[in-house]
Every structure is written in structure tokens, then in C-alpha cells.
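A.B. asks: Encoded as C-alpha cells, here's the structure I'll be asking about.
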Amino acid sequence: MIRILFFFLLLSAISCSTREKGSPQVYFAGEIVNPTSNFVVLYKDDIEIDSAKLDANNRFVFLLDTIDEGLYNFKHSPELQYIFLEKGDSLVIRLNTTDFDESLVFAGEGEGVNNFLLEMFLTSEEEESVIYAFYEDDPEEFSRKIDSLRENKMSLLLEVDSQYGLSDNAREIAQASIDYNYFIYKELYPFYHKKRKGMEEVPDLPSGFYAYRGQLDMNNKHLTYFRPYYKFINYHLGNLTYMQCMKDCDSHDQRLESYLHFNKHKLGLIDSLITEKALRDNVFRHVAIDYLLKVQDKEANNIEFIETFHKLSGNNRHIKEIDNLYQGIMNIQPNRPLPDIELTTVDGRNVGLKEIAKGRNVVFYFWSGTQKGHFDNIANRVAELSDEKKEYSFVGINFNTDEARWKALIESKGLDKDLQFRSDDYEHLTSTLILYPMNKAIITKDTLIVNAFANLYASF
Ligand SMILES: [Zn+2]
């Protein structure tokens with residue numbers, strides 16, 4: 001009670017004494033219960049614009065003289081949440097990190113839209129499992145259920161709007177927070193329904209199933225960094241690509257199984273549909289990372305993909321990151337020598353990756369002390385494989401773990417110390433050896449790579 005009282009005292013102090021009415025200044029302040037860091041950081045899009053240190057009572061204040069109105073993020077590491085700011089807003093939040101999103105409340109000028117956004121965020125999380133059950137339904141039934149969930153939120157928005165009198169921009173973001181979550185389900189429906197029902201083909205959909213596509217804005221600058229919109233755009237492009245390939249591309253069954261074709265087709269579609277630079281760059285990047293990292297295609301296909309990518313998105317603001325990933329993947333193709341990486345041994349000596357691999361067959365695997373469950377599983381699996389596959393030495397490379405903890409964990413599993421090494425430069429390790437997914441393994445024969453995209457479970 002005292003805390004709540006203080007909360008409103010703080011709010012009124014801010015609204016009355018320090019701010020003149022009609023001022024364009026924005027106040028954003030609050031209290032963090034059980035803080036997990038010393039700062040609150042404010043982002044516009046992906047750029048940090050300000051940070052505030054918590055005081056002795058775990059309170060923070062931002063005072064911004066001029067702002068671009070719109071969607072922001074505030075981060076209290078490691079958690080992140082949206083905040084919509086307009087000139088003259090004075091918002092106070094209270095949150096408890098043990099229950100971050102659920103405990104968050106906004107009060108003050110701007111509370112209407114912000115509490116609404118938060119409620120939509122929480123509701124969409126809750127509804128997810130309910131809606132997954134709907135994928136069994138035929139298209140008409142599915143559509144009816146989704147539309148009715150959306151209608152409920154629309155009535156709620158009407159209430160909020162009549163209570164607070166939202167600005168056009170606030171109404172736009174509030175509307176988007178309803179719409180895109182439901183549109184995503186519709187974009188996914190044909191694929192999930194097909195799978196659930198064990199169908200050969202995606203179902204025919206009634207006209208009107210995608211009615212919203214008629215007014216769709218694929219270039220909305222305000223929503224570029226709004227998660228539901230961004231996710232929607234990616235799913236929508238996936239859906240369009242699939243449907244176009246089915247209809248137009250030669251011998252479609254074969255084409256659809258080609259990840260290269262599908263992803264190149266998708267790049268072409270992005271090029272033709274998205275002009276808004278930041279959104280376009282992010283969506284292009286998403287396809288590149290997804291294809292290069294997850295498909296792990298053959299060398300010639302990777303080359304063809306990156307050439308197409310450069311042709312369509314050579315000026316991408318993420319091009320360096322994408323090129324580095326591509327180069328990293330190309331450097332560890334079969335028959336290439338292992339890259340140079342410095343590691344340390346349990347007795348504190350420096351040793352190169354090549355030196356470890358020399359004159360034997362090695363399976364490298366990777367683990368971190370921060371993921372204890374993964375380490376337990378991987379230690380069991382490696383013990384099993386070491387018995388079965390005597391022709392290999394199974395070598396563990398640890399990262400993101402301090403030395404003492406690393407040694408304690410090795411001890412706890414009774415691992416062979418001669419086969420355990422540690423890297424203290426995770427960034428270099430992962431950009432060179434592409435540590436994805438977690439169970440990946442690299443198989444080598446006398447310092448040459450046999451397969452850098454093997455898997456401890458699937459490959460043996
Ligand atoms: Zn195609």
C-alpha cells in the first residue's frame with residue numbers, strides 16, 4: 001500500500017511541479033522492484049537514445065526535451081518492453097522484475113495507449129495455445145473464431161479511445177497491436193492445417209479469408225520495429241512465396257523442396273514489394289540469416305544465394321554481418337583446413353585448434369557453463385559416442401564460462417582433461433566456427449574439415 005501510494009505521489013510530483021502544461025517535454029520515470037541491472041535504457045528503433053541510472057531507491061527518470069513521437073523500447077537488462085511516446089507525455093511505471101511484463105503498469109499522461117499495448121501483448125501470449133487448437137478447424141470455422149477474437153479487442157480499443165481520446169498515431173499503433181497477431185495466424189493457417197490433417201496439399205480457402213490483404217501496408221515506417229508487424233511481414237512473404245511457387249514455378253514439387261529456389265524467389269518478392277529502407281533491409285537480412293545458418297546448403301548454392309542477395313540488397317545496412325556469416329560458412333566447407341583459433345588447456349597452456357586436430361580424427365563439440373541442462377545432455381551423449389566410435393577423439397570446446405567454473409564442471413562429469421579446451425573469445429569462436437545449433441559438431445581428419453555442420457545426435 002505504501003509503495004502504491006508513493007507511486008502516485010511520485011507521479012503527481014512529476015506532473016505538477018516539474019512540468020508546465022502544454023510543454024513538449026516528455027517525462028518517463030518509474031520504480032523497479034528487484035532490479036536486475038543498474039540502468040534503464042531507452043531505444044528508438046534499434047538505436048539507444050538515452051539511459052538512466054537507478055537511484056538508491058531503485059527509481060529512474062528520463063527527461064526528453066524533444067522526441068520523435070512513436071514507438072520506443074525501454075530495457076532493464078535482460079528484459080525489454082515497448083513504450084509509445086508523444087510530446088507532452090509524462091509516464092510513470094512500476095514493475096517487478098520477478099514478473100516483468102505481468103507486473104508492469106503505466107500511469108499518467110499517455111497511460112491509455114501504453115496500458116492497451118501491454119494488455120494486447122499479454123493477451124496474445126495467453127491466446128497462443130488456444131489458437132493452435134483451432135488449426136484443426138476448416139477454413140470457415142477457423143476464420144470465424146479468429147475474427148471474433150479480433151472483434152473483442154476492437155471493442156476494447158473503442159472503450160479506451162472514448163475514455164482517453166487517442167491521437168491518430170496512438171490509435172494506429174493500438175490497432176496494429178490487435179491486427180497483426182491475428183493476421184499472422186491466418187498466414188500460417190494453410191500450412192498448419194495441412195500438417196495437422198495429414199493432407200497432401202494446402203487447403204482451398206474461401207474468398208475473403210485474407211480480406212485484410214486488400215488494405216495491407218507493406219511499407220509502414222511507424223511499424224518497422226513493432227514485433228507483431230515485422231513478424232507478420234515475414235510470414236506473409238513466406239506464404240506468398242509458397243503460393244506463387246506452387247502456381248508458377250516449373251515442376252513445382254521439386255522446386256518447393258529446393259531451399260535455394262524458395263529463398264531466391266522470396267528475395268525477388270521482397271525486392272518488388274518493400275521499399276521502406278529499414279524494413280526492407282531487416283526483412284532481407286532475415287532471409288539471409290535464415291537460409292545461410294539454418295539450411296546449411298551446399299557450397300555452390302550458397303554462392304548463388306549470396307550473389308542474388310548482393311544484386312538485390314547490396315546496400316543493406318546489415319551487409320557486413322551477412323557477408324561475415326557467409327564468409328565464415330564458406331571457410332569451413334569440406335576439405336578446408338581448420339581455421340586458426342587460440343584455446344587454452346586445463347593446465348593453462350595456449351594451443352591452436354589445428355594442433356589439437358593434428359594426426360587424428362576429431363569430433364569437436366561445444367558447450368557453455370551458462371547452459372547447464374545442455375551440458376548435462378551433451379556430456380552423456382559424448383560418453384556414449386566415445387564408447388561406440390573409438391576411431392574419433394571427442395574434444396570439448398567451452399565458451400562463456402569463467403575458468404574456475406569450467407574446471408569444476410569438467411571435474412563434476414569426470415571428463416578427460418586432455419580433451420577439454422576453453423575459449424575466452426566467444427565472438428571470434430562463433431563467427432569462425434558458426435556455433436549453430438547448440439548440438440553442432442565439427443568432424444575433422446588430420447586438421448582438414450570433413451563436416452563442419454554435423455550434429456552430435458543426428459550425424460552418428
Ligand atoms: Zn518459385
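By order of appearance in the C-alpha cells: chains A, B, ..., then residues from 1 within every chain, and ligands from 1 in the order shown.
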May I have the residues within 9 Å of Glu111 (chain A) as a list in words, using only C-alpha atoms and disregarding those fewer than 6 positions away in the same chain?
C.D. replies: Asp89, Ser90, Leu91, Val92, Val105 and Tyr164 of chain A
A.B. asks: Near region 230-247 of chain A, within 6 Å and counting only C-alpha atoms, which residues show up once chain neighbours fewer than 2 positions away are dropped, as a PDB file with N, CA and C atoms, in the first residue's frame?
C.D. replies:
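The resulting file, part.pdb, is shown below:
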```
ATOM      1  N   ILE A 184      -1.226 -12.934 -38.619  1.00  0.00           N
ATOM      2  CA  ILE A 184      -0.177 -13.966 -38.643  1.00  0.00           C
ATOM      3  C   ILE A 184      -0.806 -15.359 -38.628  1.00  0.00           C
ATOM      4  N   GLU A 187      -2.061 -16.236 -41.982  1.00  0.00           N
ATOM      5  CA  GLU A 187      -0.987 -16.536 -42.944  1.00  0.00           C
ATOM      6  C   GLU A 187      -0.464 -17.951 -42.720  1.00  0.00           C
ATOM      7  N   ARG A 227       7.169  -5.557 -33.284  1.00  0.00           N
ATOM      8  CA  ARG A 227       7.344  -7.006 -33.443  1.00  0.00           C
ATOM      9  C   ARG A 227       6.192  -7.709 -34.200  1.00  0.00           C
ATOM     10  N   PRO A 228       4.921  -7.489 -33.794  1.00  0.00           N
ATOM     11  CA  PRO A 228       3.844  -8.194 -34.498  1.00  0.00           C
ATOM     12  C   PRO A 228       3.813  -7.862 -35.999  1.00  0.00           C
ATOM     13  N   CYS A 249       6.025 -21.782 -60.661  1.00  0.00           N
ATOM     14  CA  CYS A 249       7.388 -22.237 -60.903  1.00  0.00           C
ATOM     15  C   CYS A 249       7.407 -23.656 -61.452  1.00  0.00           C
ATOM     16  N   HIS A 252       6.830 -27.885 -59.845  1.00  0.00           N
ATOM     17  CA  HIS A 252       6.820 -27.228 -58.539  1.00  0.00           C
ATOM     18  C   HIS A 252       7.188 -28.124 -57.361  1.00  0.00           C
ATOM     19  N   LYS A 266      11.830 -15.656 -52.738  1.00  0.00           N
ATOM     20  CA  LYS A 266      11.418 -14.751 -51.666  1.00  0.00           C
ATOM     21  C   LYS A 266      12.180 -13.418 -51.743  1.00  0.00           C
TER      22      LYS A 266
END
```
A.B. asks: Find the residues near Thr345 (chain A): any atom within 7 Å, counting only C-alpha atoms, skip ones fewer than 3 places away on the same chain, and give them as a VMD selection string.
C.D. replies: chain A and resid 348 to 350 420 to 422
A.B. asks: Write the residues of the selection above to a file with C-alpha atoms, as a compact mmCIF listing (two decimals), in the first residue's frame.
C.D. replies:
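Output contents, as saved in again.txt:
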```txt
# COMPACT_ATOMS: atom_id res chain seq x y z
CA GLY A 348 46.71 -23.08 -18.66
CA ARG A 349 48.72 -23.50 -21.89
CA ASN A 350 47.71 -21.83 -25.18
CA GLN A 420 38.84 -30.24 -22.89
CA PHE A 421 39.69 -26.73 -24.11
CA ARG A 422 38.37 -23.27 -23.43
```
A.B. asks: Would you kindly return, as a PDB file with N, CA and C atoms, in the first residue's frame, each protein, DNA or RNA residue with an atom no farther than 8 Å from any atom of Ile306 (chain A), considering only C-alpha atoms and excluding same-chain residues fewer than 4 positions away?
C.D. replies:
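Contents of selection_8.pdb, freshly written:
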```pdb
ATOM      1  N   ASN A 302      25.180 -21.772 -51.836  1.00  0.00           N
ATOM      2  CA  ASN A 302      25.470 -20.578 -51.027  1.00  0.00           C
ATOM      3  C   ASN A 302      25.987 -19.437 -51.895  1.00  0.00           C
ATOM      4  N   HIS A 310      23.319  -9.880 -53.080  1.00  0.00           N
ATOM      5  CA  HIS A 310      24.058  -8.645 -53.357  1.00  0.00           C
ATOM      6  C   HIS A 310      23.419  -7.840 -54.480  1.00  0.00           C
ATOM      7  N   TYR A 326      28.416 -15.387 -44.231  1.00  0.00           N
ATOM      8  CA  TYR A 326      28.642 -16.141 -45.467  1.00  0.00           C
ATOM      9  C   TYR A 326      30.100 -16.617 -45.542  1.00  0.00           C
TER      10      TYR A 326
END
```
A.B. asks: Could you state the separation of CA of Thr98 (chain A) and CA of Ser37 (chain A) in Å, given to one decimal place?
C.D. replies: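 CA of Ser37 (chain A) lies at a distance of 13.0 Å from CA of Thr98 (chain A).
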